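Step one of this worksheet: look at the structure below.
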Amino acid sequence: MTHPAIAANGLRKSYGDKAVLDGIDLAVPAGTVFALLGPNGAGKTTVVKILSTLISPGADSGEIRVGGHDLATDPQAIRATIGVTGQFSAVDGLITGEENMLLMADLHHLSKREGRRVAAELLERFDLVDAAKKPASTYSGGMKRRLDIAMTLVGSPRIIFLDEPTTGLDPRSRHTMWGIIRNLVSDGVTVFLTTQYLEEADELADRIAVLNNGKIAAEGSAEELKRLIPGGHIRLRFTDPDAYRSAAGALREVTRDDEALALRIPSDGSQRELRSILDQLESSAIEADELTVHTPDLDDVFFALTGNDDQPKETVR
Amino acid sequence: MSSLSLAVRDANTMLRRNLLHARRYPSLTLNLLLTPIMMLLLFVYIFGDVMSAGIGGADRSDYIAYIVPGILLMTIGSTVIGAAVSVSTDMTEGIIARFRTMAIHRGSVIIGHVVGSVLQVLASLVLVGAVAVAIGFRSTDATALEWLAAFGLLALFALAFTWIAVGMGLASPNAEAAGNMAMPLILLPLISSAFIPVETMPGWFRPIAEYQPFTPAIETLRGLLLGSEIGHNGWLAVAWCLALTALGYLWSKSLFDREPAAH
């Protein structure tokens, strides 16, 4: 494929006066994992719902293409290409896991035999064989989510949307889910996932976009995003206020935290820099009670990009 | 595959899903059946003597003949409440979002509900009809054609009220609200000619009782099975059915095509 799996220009959506999405550009190359990262209410689910044809984009949006098909003119072709696992479990709780799978097979117009084969294979792959004959309403959260994804895979979609696939799962189920998502990618599928967990985006995604207040605040690989933020530093903590004050006076380029009696010295965390700082402390006869090295992580990026304005901003038009 | 055969195939899949629900959880349908059967037994065995005297009948068996057509139509009004509840349950679950993002015929999920509901109504009618026959209901010399027309009327009435119930299910925020909203469908027969003749009602109320959808259908059914006068009730019943089907269909369609909420 030469065109990106997902491409959106100036994606907008508003409800009444409130702009939920305020001009978003996205380009997701085929066969990659793209994570849309953002706090609750940032508009992540709205993006997924629009790209998966569930709701229409705002009238003033630019062109949106999914799997090469135009969202405005050919939504049915997009539906044939994608698989969607929403935030809320999309399984039929009244029937068994196996019946849910066969329902999907029928809706994808597979033959009876083919449908049974695909259903059995996916139930096996997602460790649901023992529960296959039980009503889906009796499944645990993790099992429901696995069934949900298994149902999404029945039609062999080339592009998969996962809206907060691990929200509400326990750590073990979350790691299982991560393994599932990695396997999808190794099959060449394009994955578009939303998450509010930085760790998850870092673990899974080739590219990450940080969505805040309906706008993309930053986009890039996890490494690129971390480089955006000068979050790396060495932290010196003191218990004696006098030692703290004299150290603060002796060192250049420090940020003081008077309440915690702690100093922050910017650093990239390399051995060379650490040594030069230790030498400097030595020569100034400063002895901190605790020294810790902080490398910037996505949390720093996230808070730096989204932390400044907690309140949804007024949109003036 | 042509779009028509695709639609038929998807609707058929959805129908099988609904019938599977009904088979797996028959309690909803059976509960709804209870009301018409209880009414039948109550009015025949407890109130029967007074009621048959009231319609100028000789004994209780006259009243059985009088009440059964109304009870059959009440069965329809009652059973379709199940359609309202199950449509609304579907709409509040995540599965509807899945259906909407699949390359399937868009309306198939609703068509599945409608056909499933009509089939359930017909099964309910057979059950209630069997109870009626068991307690002594007999038609008076109805011809094969009249029986056929009676079945046709019941099926048409079932279709009309199913569409209205589906609209109610789509308009309701949850299953409980849907059940409440559809409740009048089971109460409407009480203010029709199902239990007592319209002529015995207060004058100001008579036009309401006479022209609401149940009365013409009940009178038509009586005419077909018991040989009483049908008169203008025949075309009135068919007109009601067609109008309610069209109304319910258009209402349901506009509600279903409405954009789902953001969250």
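In the structure tokens, the first chain shown is A, the next is B, and so on; residue numbers restart at 1 for each chain, and ligands run from 1 in the order shown.
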Extract, using only C-alpha atoms, all DNA, RNA and protein residues at most 12 Å from Glu146 (chain B), discarding same-chain residues fewer than 2 positions from it, and format them as a list in words. Ser139, Thr140, Asp141, Ala142, Thr143, Ala144, Leu148, Ala149, Ala150, Phe151, Gly152, Leu153, Thr220, Leu221, Arg222, Gly223, Leu224, Leu225, Leu226 and Gly227 of chain B
I want to know what sits within 6 Å of region 174-188 of chain B, based on only C-alpha atoms, with residues of the same chain fewer than 3 positions away left out; could you give that as a ChimeraX atom specification? /B:77-78,81,84-85,88-89,169,191
Can those selected residues be exported to a file as a short mmCIF file (atom, residue, chain, number, x, y, z; two decimals), in the first residue's frame so that it contains C-alpha atoms?
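Result file follows (selection17.cif):
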data_model
loop_
_atom_site.label_atom_id
_atom_site.label_comp_id
_atom_site.auth_asym_id
_atom_site.auth_seq_id
_atom_site.Cartn_x
_atom_site.Cartn_y
_atom_site.Cartn_z
CA GLY B 77 -50.58 -5.91 22.44
CA SER B 78 -48.93 -7.75 25.30
CA ILE B 81 -43.90 -5.25 24.68
CA ALA B 84 -39.79 -2.85 22.80
CA VAL B 85 -37.75 -4.24 25.68
CA SER B 88 -34.03 -1.07 23.78
CA THR B 89 -31.70 -3.57 25.46
CA GLY B 169 -37.81 0.61 22.19
CA ILE B 191 -61.17 0.44 26.79
#
Just the residues within 12 Å of Glu200 (chain A), please, counting only C-alpha atoms, with nothing from its chain fewer than 5 positions along; format it as number ranges by chain. A: 33-38, 164-167, 171, 174-175, 177-179, 181-182, 193-195, 205-206, 208, 222, 298-299
Restrict the calculation to only C-alpha atoms, then for each residue of chain B with any atom at most 9 Å from an atom of chain A give the closest atom pair and their distance in Å to one decimal, rows by chain and rising residue number, as CSV.
residue,atom,partner,partner_atom,distance
B:Leu6,CA,A:His109,CA,8.8
B:Arg9,CA,A:His109,CA,8.3
B:Asp10,CA,A:Leu107,CA,6.2
B:Thr13,CA,A:Asp106,CA,6.6
B:Met14,CA,A:Leu103,CA,8.3
B:Arg17,CA,A:Leu103,CA,7.6
B:Leu20,CA,A:Ile95,CA,7.7
B:His21,CA,A:Leu94,CA,6.5
B:Arg24,CA,A:Leu94,CA,7.9
B:Tyr25,CA,A:Leu94,CA,8.3
B:Asp90,CA,A:Asp92,CA,8.6
B:Glu93,CA,A:Ala90,CA,6.9
B:Gly94,CA,A:Ala90,CA,4.0
B:Ile95,CA,A:Ala90,CA,4.0
B:Ile96,CA,A:Ala90,CA,7.4
B:Ala97,CA,A:Leu54,CA,7.0
B:Arg98,CA,A:Ala90,CA,6.2
B:Phe99,CA,A:Leu107,CA,8.9
B:Arg100,CA,A:Leu54,CA,6.4
B:Thr101,CA,A:Arg79,CA,5.5
B:Met102,CA,A:Arg79,CA,5.0
B:Ala103,CA,A:Arg79,CA,4.9
B:Ile104,CA,A:Leu107,CA,6.6
B:Glu259,CA,A:Ile55,CA,6.1
B:Pro260,CA,A:Ile55,CA,6.7
B:Ala261,CA,A:Ile55,CA,8.4
B:Ala262,CA,A:Thr46,CA,6.3
B:His263,CA,A:Thr45,CA,7.7
Residues at most 12 Å from Leu15 (chain B), counting only C-alpha atoms, excluding those fewer than 4 positions away in the same chain, as a PyMOL selection string? (chain A and resi 103+106-107) or (chain B and resi 7-11+19-22+107-120)
Residues of region 102-273 of chain A in helix (DSSP H, G or I) according to DSSP, as a PyMOL selection string? chain A and resi 102-107+112-125+136-138+141-153+171-186+198-204+222-228+241-250+271-273
The selected residues should be written to file as a PDB file, in the first residue's frame (atoms: C-alpha atoms).
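Saved as selection.pdb:
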ATOM      1  CA  LEU A 102     -20.591 -17.688  14.805  1.00  0.00           C
ATOM      2  CA  LEU A 103     -22.818 -14.607  14.670  1.00  0.00           C
ATOM      3  CA  MET A 104     -19.832 -12.600  13.483  1.00  0.00           C
ATOM      4  CA  ALA A 105     -18.953 -15.295  10.948  1.00  0.00           C
ATOM      5  CA  ASP A 106     -22.499 -15.157   9.551  1.00  0.00           C
ATOM      6  CA  LEU A 107     -22.413 -11.367   9.368  1.00  0.00           C
ATOM      7  CA  LYS A 112     -20.905 -22.528   7.663  1.00  0.00           C
ATOM      8  CA  ARG A 113     -17.733 -24.599   7.581  1.00  0.00           C
ATOM      9  CA  GLU A 114     -15.399 -21.660   7.250  1.00  0.00           C
ATOM     10  CA  GLY A 115     -17.253 -19.853  10.038  1.00  0.00           C
ATOM     11  CA  ARG A 116     -16.885 -22.793  12.409  1.00  0.00           C
ATOM     12  CA  ARG A 117     -13.210 -23.107  11.570  1.00  0.00           C
ATOM     13  CA  VAL A 118     -12.471 -19.405  12.140  1.00  0.00           C
ATOM     14  CA  ALA A 119     -14.506 -19.329  15.353  1.00  0.00           C
ATOM     15  CA  ALA A 120     -12.769 -22.394  16.779  1.00  0.00           C
ATOM     16  CA  GLU A 121      -9.353 -21.069  15.801  1.00  0.00           C
ATOM     17  CA  LEU A 122      -9.902 -17.670  17.428  1.00  0.00           C
ATOM     18  CA  LEU A 123     -11.465 -19.124  20.578  1.00  0.00           C
ATOM     19  CA  GLU A 124      -8.366 -21.284  20.870  1.00  0.00           C
ATOM     20  CA  ARG A 125      -6.006 -18.377  20.204  1.00  0.00           C
ATOM     21  CA  ALA A 136     -20.864 -14.206  27.579  1.00  0.00           C
ATOM     22  CA  SER A 137     -22.572 -12.314  30.417  1.00  0.00           C
ATOM     23  CA  THR A 138     -20.870 -14.687  32.868  1.00  0.00           C
ATOM     24  CA  GLY A 141     -13.760  -8.384  32.362  1.00  0.00           C
ATOM     25  CA  GLY A 142     -10.600  -9.770  30.804  1.00  0.00           C
ATOM     26  CA  MET A 143     -12.445 -12.639  29.111  1.00  0.00           C
ATOM     27  CA  LYS A 144     -15.098 -10.304  27.741  1.00  0.00           C
ATOM     28  CA  ARG A 145     -12.385  -8.092  26.295  1.00  0.00           C
ATOM     29  CA  ARG A 146     -10.664 -11.089  24.708  1.00  0.00           C
ATOM     30  CA  LEU A 147     -13.947 -12.292  23.228  1.00  0.00           C
ATOM     31  CA  ASP A 148     -14.581  -8.763  22.010  1.00  0.00           C
ATOM     32  CA  ILE A 149     -11.264  -8.681  20.140  1.00  0.00           C
ATOM     33  CA  ALA A 150     -11.730 -12.233  18.869  1.00  0.00           C
ATOM     34  CA  MET A 151     -15.092 -11.151  17.398  1.00  0.00           C
ATOM     35  CA  THR A 152     -13.407  -8.149  15.797  1.00  0.00           C
ATOM     36  CA  LEU A 153     -10.888 -10.445  14.111  1.00  0.00           C
ATOM     37  CA  PRO A 171      -2.373  -6.090  35.439  1.00  0.00           C
ATOM     38  CA  ARG A 172      -2.272  -9.689  34.242  1.00  0.00           C
ATOM     39  CA  SER A 173      -5.103  -9.222  31.752  1.00  0.00           C
ATOM     40  CA  ARG A 174      -3.458  -6.015  30.614  1.00  0.00           C
ATOM     41  CA  HIS A 175      -0.220  -7.814  29.804  1.00  0.00           C
ATOM     42  CA  THR A 176      -2.188 -10.523  27.995  1.00  0.00           C
ATOM     43  CA  MET A 177      -3.883  -7.801  25.961  1.00  0.00           C
ATOM     44  CA  TRP A 178      -0.533  -6.228  25.099  1.00  0.00           C
ATOM     45  CA  GLY A 179       0.676  -9.588  23.833  1.00  0.00           C
ATOM     46  CA  ILE A 180      -2.464  -9.882  21.695  1.00  0.00           C
ATOM     47  CA  ILE A 181      -1.938  -6.444  20.199  1.00  0.00           C
ATOM     48  CA  ARG A 182       1.726  -7.172  19.403  1.00  0.00           C
ATOM     49  CA  ASN A 183       0.647 -10.360  17.621  1.00  0.00           C
ATOM     50  CA  LEU A 184      -1.839  -8.427  15.523  1.00  0.00           C
ATOM     51  CA  VAL A 185       0.925  -6.174  14.297  1.00  0.00           C
ATOM     52  CA  SER A 186       3.172  -9.080  13.408  1.00  0.00           C
ATOM     53  CA  LEU A 198       1.572   6.386  28.888  1.00  0.00           C
ATOM     54  CA  GLU A 199       3.208   3.089  29.635  1.00  0.00           C
ATOM     55  CA  GLU A 200       0.852   1.390  27.222  1.00  0.00           C
ATOM     56  CA  ALA A 201       1.595   3.806  24.387  1.00  0.00           C
ATOM     57  CA  ASP A 202       5.305   3.472  25.098  1.00  0.00           C
ATOM     58  CA  GLU A 203       5.079  -0.344  25.064  1.00  0.00           C
ATOM     59  CA  LEU A 204       3.024  -0.764  21.930  1.00  0.00           C
ATOM     60  CA  ALA A 222       8.039   7.717  22.175  1.00  0.00           C
ATOM     61  CA  GLU A 223      11.720   8.732  21.893  1.00  0.00           C
ATOM     62  CA  GLU A 224      10.936  11.857  19.920  1.00  0.00           C
ATOM     63  CA  LEU A 225       8.314  12.909  22.408  1.00  0.00           C
ATOM     64  CA  LYS A 226      10.664  12.383  25.322  1.00  0.00           C
ATOM     65  CA  ARG A 227      13.261  14.548  23.626  1.00  0.00           C
ATOM     66  CA  LEU A 228      10.708  17.359  23.395  1.00  0.00           C
ATOM     67  CA  PRO A 241      18.663  23.172  55.949  1.00  0.00           C
ATOM     68  CA  ASP A 242      22.126  24.755  56.264  1.00  0.00           C
ATOM     69  CA  ALA A 243      23.719  22.158  54.002  1.00  0.00           C
ATOM     70  CA  TYR A 244      20.829  22.698  51.575  1.00  0.00           C
ATOM     71  CA  ARG A 245      21.360  26.480  51.506  1.00  0.00           C
ATOM     72  CA  SER A 246      25.093  26.314  51.029  1.00  0.00           C
ATOM     73  CA  ALA A 247      24.713  23.742  48.270  1.00  0.00           C
ATOM     74  CA  ALA A 248      22.093  25.900  46.546  1.00  0.00           C
ATOM     75  CA  GLY A 249      24.547  28.794  46.670  1.00  0.00           C
ATOM     76  CA  ALA A 250      27.499  26.798  45.407  1.00  0.00           C
ATOM     77  CA  GLN A 271      27.810   8.791  33.015  1.00  0.00           C
ATOM     78  CA  ARG A 272      30.009  11.676  31.926  1.00  0.00           C
ATOM     79  CA  GLU A 273      27.595  14.313  33.178  1.00  0.00           C
TER      80      GLU A 273
END
Find, counting only C-alpha atoms, the residue in A:Asp240, A:Glu63, A:Asp297, A:Glu98 that gets nearest to Ala132 (chain A). A:Glu98
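Picture a line from CA of Ile24 (chain A) to CA of Ala59 (chain A); it runs 13.7 Å.
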List the spatial neighbours of Pro213 (chain B) as a PyMOL selection string - criterion: any atom at most 12 Å away, only C-alpha atoms, same-chain residues fewer than 2 positions off excluded. chain B and resi 70+73-74+77+157+160-161+185+188-189+191-194+207-211+215-220+233-244
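Rounded to one decimal, CA of Asp60 (chain A) and CA of Ala217 (chain A) lie 20.5 Å from each other.
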The distance between CA of Ile135 (chain B) and CA of Ala83 (chain B) is 29.1 Å
Pick out the residues sitting within 8 Å of Leu33 (chain B), and hand them over as a count of residues only; count only C-alpha atoms, and ignore anything fewer than 2 positions along from it in its own chain. 11
Using only C-alpha atoms, the residue out of B:Pro197, B:Pro202, B:Gly248, B:Gly57 with shortest distance to Leu159 (chain B) is B:Gly248
